[in-house]
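K.L.:
This structure is in C-alpha coordinates; I'll ask about it shortly.
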Amino acid sequence: MGACARPGDVFLLTGDLGAGKTTLTQGILWGLGGAEYARSPTFVLVTEYEARLPLYHVDLYRIDRVDELDELGLAEIFEGDGVVAVEWAERAAGALPAERLDVHIERRGDDSRCITLSAAAPEYDRFLVLAANHGADSRHAT
(Lines give C-alpha, C1' and ligand atoms only; values in the text may rest on other atoms or scores of the structure.)
Protein backbone atom coordinates (compact mmCIF):
# COMPACT_ATOMS: atom_id res chain seq x y z
CA MET A 1 0.00 0.00 0.00
CA GLY A 2 2.83 2.38 0.82
CA ALA A 3 4.58 1.67 -2.47
CA CYS A 4 1.39 2.64 -4.37
CA ALA A 5 0.52 5.60 -2.13
CA ARG A 6 0.16 9.08 -3.58
CA PRO A 7 0.13 12.50 -1.91
CA GLY A 8 -3.15 13.00 -0.05
CA ASP A 9 -4.02 9.31 0.33
CA VAL A 10 -6.01 8.50 3.46
CA PHE A 11 -6.31 5.02 4.98
CA LEU A 12 -8.97 4.59 7.66
CA LEU A 13 -8.10 1.57 9.79
CA THR A 14 -10.64 -0.25 11.94
CA GLY A 15 -10.48 -3.46 13.96
CA ASP A 16 -10.38 -4.70 17.52
CA LEU A 17 -7.54 -4.02 19.92
CA GLY A 18 -4.57 -6.10 18.82
CA ALA A 19 -5.95 -6.75 15.33
CA GLY A 20 -2.86 -5.34 13.64
CA LYS A 21 -3.62 -1.70 12.76
CA THR A 22 -0.20 -0.48 13.89
CA THR A 23 1.52 -3.40 12.16
CA LEU A 24 -0.26 -2.50 8.92
CA THR A 25 0.81 1.13 9.38
CA GLN A 26 4.37 -0.16 9.77
CA GLY A 27 4.05 -1.89 6.41
CA ILE A 28 2.72 1.29 4.81
CA LEU A 29 5.66 3.24 6.23
CA TRP A 30 8.21 0.73 4.92
CA GLY A 31 6.40 0.67 1.55
CA LEU A 32 6.87 4.43 1.45
CA GLY A 33 10.59 3.88 1.99
CA GLY A 34 10.66 4.91 5.64
CA ALA A 35 13.33 3.40 7.86
CA GLU A 36 11.70 3.89 11.27
CA TYR A 37 9.46 1.55 13.19
CA ALA A 38 5.89 2.79 13.52
CA ARG A 39 4.70 2.67 17.09
CA SER A 40 1.24 3.09 18.45
CA PRO A 41 0.64 6.84 18.81
CA THR A 42 -2.11 6.35 21.42
CA PHE A 43 -0.66 8.89 23.84
CA VAL A 44 0.76 11.24 21.20
CA LEU A 45 -2.34 10.95 18.94
CA VAL A 46 -0.44 12.01 15.79
CA THR A 47 3.05 10.88 14.79
CA GLU A 48 4.80 12.01 11.61
CA TYR A 49 7.32 9.76 9.87
CA GLU A 50 9.71 10.77 7.10
CA ALA A 51 9.66 8.72 3.90
CA ARG A 52 9.15 9.25 0.16
CA LEU A 53 5.97 11.01 1.29
CA PRO A 54 5.41 12.02 4.92
CA LEU A 55 3.27 9.50 6.78
CA TYR A 56 0.94 10.86 9.46
CA HIS A 57 -0.06 8.09 11.86
CA VAL A 58 -3.18 9.13 13.76
CA ASP A 59 -4.68 7.17 16.67
CA LEU A 60 -8.20 8.13 17.73
CA TYR A 61 -8.50 5.52 20.51
CA ARG A 62 -8.54 8.16 23.24
CA ILE A 63 -10.87 10.56 21.42
CA ASP A 64 -14.19 10.91 23.26
CA ARG A 65 -15.84 13.59 21.09
CA VAL A 66 -15.56 14.36 17.39
CA ASP A 67 -14.95 18.06 18.16
CA GLU A 68 -11.60 17.03 19.70
CA LEU A 69 -10.35 16.42 16.15
CA ASP A 70 -10.15 20.18 15.58
CA GLU A 71 -7.54 20.45 18.32
CA LEU A 72 -5.34 17.87 16.55
CA GLY A 73 -5.11 19.94 13.35
CA LEU A 74 -6.28 17.02 11.25
CA ALA A 75 -7.85 19.24 8.58
CA GLU A 76 -4.40 20.54 7.64
CA ILE A 77 -2.95 17.03 7.65
CA PHE A 78 -5.73 15.68 5.39
CA GLU A 79 -5.28 18.58 2.97
CA GLY A 80 -1.49 18.20 2.85
CA ASP A 81 0.82 16.25 0.56
CA GLY A 82 1.43 13.36 2.92
CA VAL A 83 -0.22 9.99 3.46
CA VAL A 84 -2.49 9.56 6.48
CA ALA A 85 -3.21 6.30 8.34
CA VAL A 86 -5.95 6.69 10.96
CA GLU A 87 -6.37 3.99 13.61
CA TRP A 88 -9.74 3.65 15.34
CA ALA A 89 -11.34 5.65 12.50
CA GLU A 90 -14.82 4.54 13.58
CA ARG A 91 -14.53 6.92 16.55
CA ALA A 92 -14.78 9.86 14.16
CA ALA A 93 -17.29 8.52 11.65
CA GLY A 94 -18.58 11.30 9.45
CA ALA A 95 -15.78 13.71 10.40
CA LEU A 96 -13.08 12.11 8.25
CA PRO A 97 -12.51 12.54 4.50
CA ALA A 98 -15.10 11.00 2.20
CA GLU A 99 -12.37 10.05 -0.27
CA ARG A 100 -10.33 7.32 1.37
CA LEU A 101 -9.55 3.64 1.57
CA ASP A 102 -11.37 1.85 4.40
CA VAL A 103 -9.33 -0.99 5.85
CA HIS A 104 -10.95 -3.36 8.35
CA ILE A 105 -8.74 -5.92 10.08
CA GLU A 106 -10.29 -8.95 11.75
CA ARG A 107 -8.33 -11.44 13.84
CA ARG A 108 -8.71 -15.06 12.81
CA GLY A 109 -6.63 -16.70 15.51
CA ASP A 110 -3.22 -15.72 16.85
CA ASP A 111 -1.40 -15.67 13.51
CA SER A 112 -4.13 -15.01 10.96
CA ARG A 113 -6.01 -11.89 9.87
CA CYS A 114 -8.74 -11.07 7.38
CA ILE A 115 -8.23 -7.62 5.86
CA THR A 116 -11.13 -6.03 3.99
CA LEU A 117 -10.47 -3.07 1.71
CA SER A 118 -13.26 -0.77 0.54
CA ALA A 119 -12.54 2.07 -1.86
CA ALA A 120 -14.70 5.08 -0.96
CA ALA A 121 -13.57 6.91 -4.14
CA PRO A 122 -12.47 5.69 -7.59
CA GLU A 123 -8.88 6.88 -7.13
CA TYR A 124 -8.49 4.23 -4.40
CA ASP A 125 -9.45 1.38 -6.75
CA ARG A 126 -5.71 0.90 -7.42
CA PHE A 127 -5.43 -0.67 -3.97
CA LEU A 128 -8.28 -3.09 -4.75
CA VAL A 129 -6.53 -4.02 -7.99
CA LEU A 130 -3.32 -4.58 -6.06
CA ALA A 131 -5.15 -6.85 -3.60
CA ALA A 132 -6.93 -8.70 -6.44
CA ASN A 133 -3.58 -9.33 -8.13
CA HIS A 134 -2.53 -11.05 -4.92
CA GLY A 135 -5.52 -13.40 -4.93
CA ALA A 136 -8.19 -11.33 -3.12
CA ASP A 137 -11.74 -10.51 -4.24
CA SER A 138 -12.24 -7.36 -6.34
CA ARG A 139 -14.57 -4.41 -5.46
CA HIS A 140 -14.40 -5.13 -1.72
CA ALA A 141 -11.05 -6.86 -1.52
CA THR A 142 -10.49 -9.23 1.36
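Following the order of the C-alpha coordinates, first chain is A, next is B, and so on, with residues numbered from 1 inside each chain and ligands from 1 in the order they appear.
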For the structure I just gave you, how does DSSP split chain A - specifically, which residues are strand (DSSP E or B)? Reply as a count of residues only.

P.N.:
36

K.L.:
Among stretch 27-61 of chain A, which residues carry a DSSP assignment of helix (DSSP H, G or I), reported as a VMD selection string?

P.N.:
chain A and resid 27 to 31

K.L.:
In Å to one decimal, how far is atom CA of A:Ala35 from atom CA of A:Lys21?

P.N.:
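Separating atom CA of A:Lys21 from atom CA of A:Ala35 is a distance of 18.4 Å.
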
K.L.:
Choose the residue, out of A:Ala51, A:Leu117, A:Leu60, A:Leu24, that has the smallest atom-to-atom separation from A:Glu36; count only C-alpha atoms.

P.N.:
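Closest to A:Glu36 of all the choices is A:Ala51.
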
K.L.:
Tell me which protein, DNA and RNA residues are within 7 Å of stretch 94-107 of chain A, counting only C-alpha atoms, leaving out same-chain ones fewer than 4 positions away, and put them as a list in words.

P.N.:
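Here the qualifying residues turn out to be Asp9, Val10, Phe11, Leu12, Leu13, Thr14, Gly15, Ala19, Gly20, Ser112, Arg113, Cys114, Ile115, Thr116, Leu117, Ser118, Ala119, Ala120, Ala121 and Tyr124 of chain A.
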
K.L.:
Just checking: using only C-alpha atoms, which residue out of A:Glu87, A:Glu71, A:Glu76, A:Asp64 ends up closest to A:Ser40?

P.N.:
A:Glu87

K.L.:
Identify, on the basis of only C-alpha atoms, every residue whose closest approach to A:Gln26 does not exceed 10 Å; exclude the query and any residue fewer than 3 positions from it along the same chain; express the result as a ChimeraX atom specification.

P.N.:
/A:2,20-23,29-32,34-40,57

K.L.:
When you count only C-alpha atoms, which of these residues is closest to A:Pro7: A:Val86, A:Leu74, A:Ala131, A:Leu53?

P.N.:
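For A:Pro7, the nearest of the given residues is A:Leu53.
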
K.L.:
Suppose you want the space between atom CA of A:Gly33 and atom CA of A:Thr47; what is it in Å?

P.N.:
16.4 Å

K.L.:
For a test of reading the model, state the distance in Å between atom CA of A:Glu123 and atom CA of A:Val83, rounded to one decimal.

P.N.:
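Atom CA of A:Glu123 sits 14.0 Å away from atom CA of A:Val83.
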
K.L.:
Considering only C-alpha atoms, state which residue in the set A:Asp110, A:Pro54, A:Pro122, A:Leu130 is at the smallest distance from A:Gly18.

P.N.:
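Of A:Asp110, A:Pro54, A:Pro122, A:Leu130, the one nearest A:Gly18, counting only C-alpha atoms, is A:Asp110.
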
K.L.:
For a quick check of understanding, using only C-alpha atoms, which of A:Arg6, A:Gly82, A:Met1, A:Asp70 has the smallest distance to A:Tyr56?

P.N.:
A:Gly82
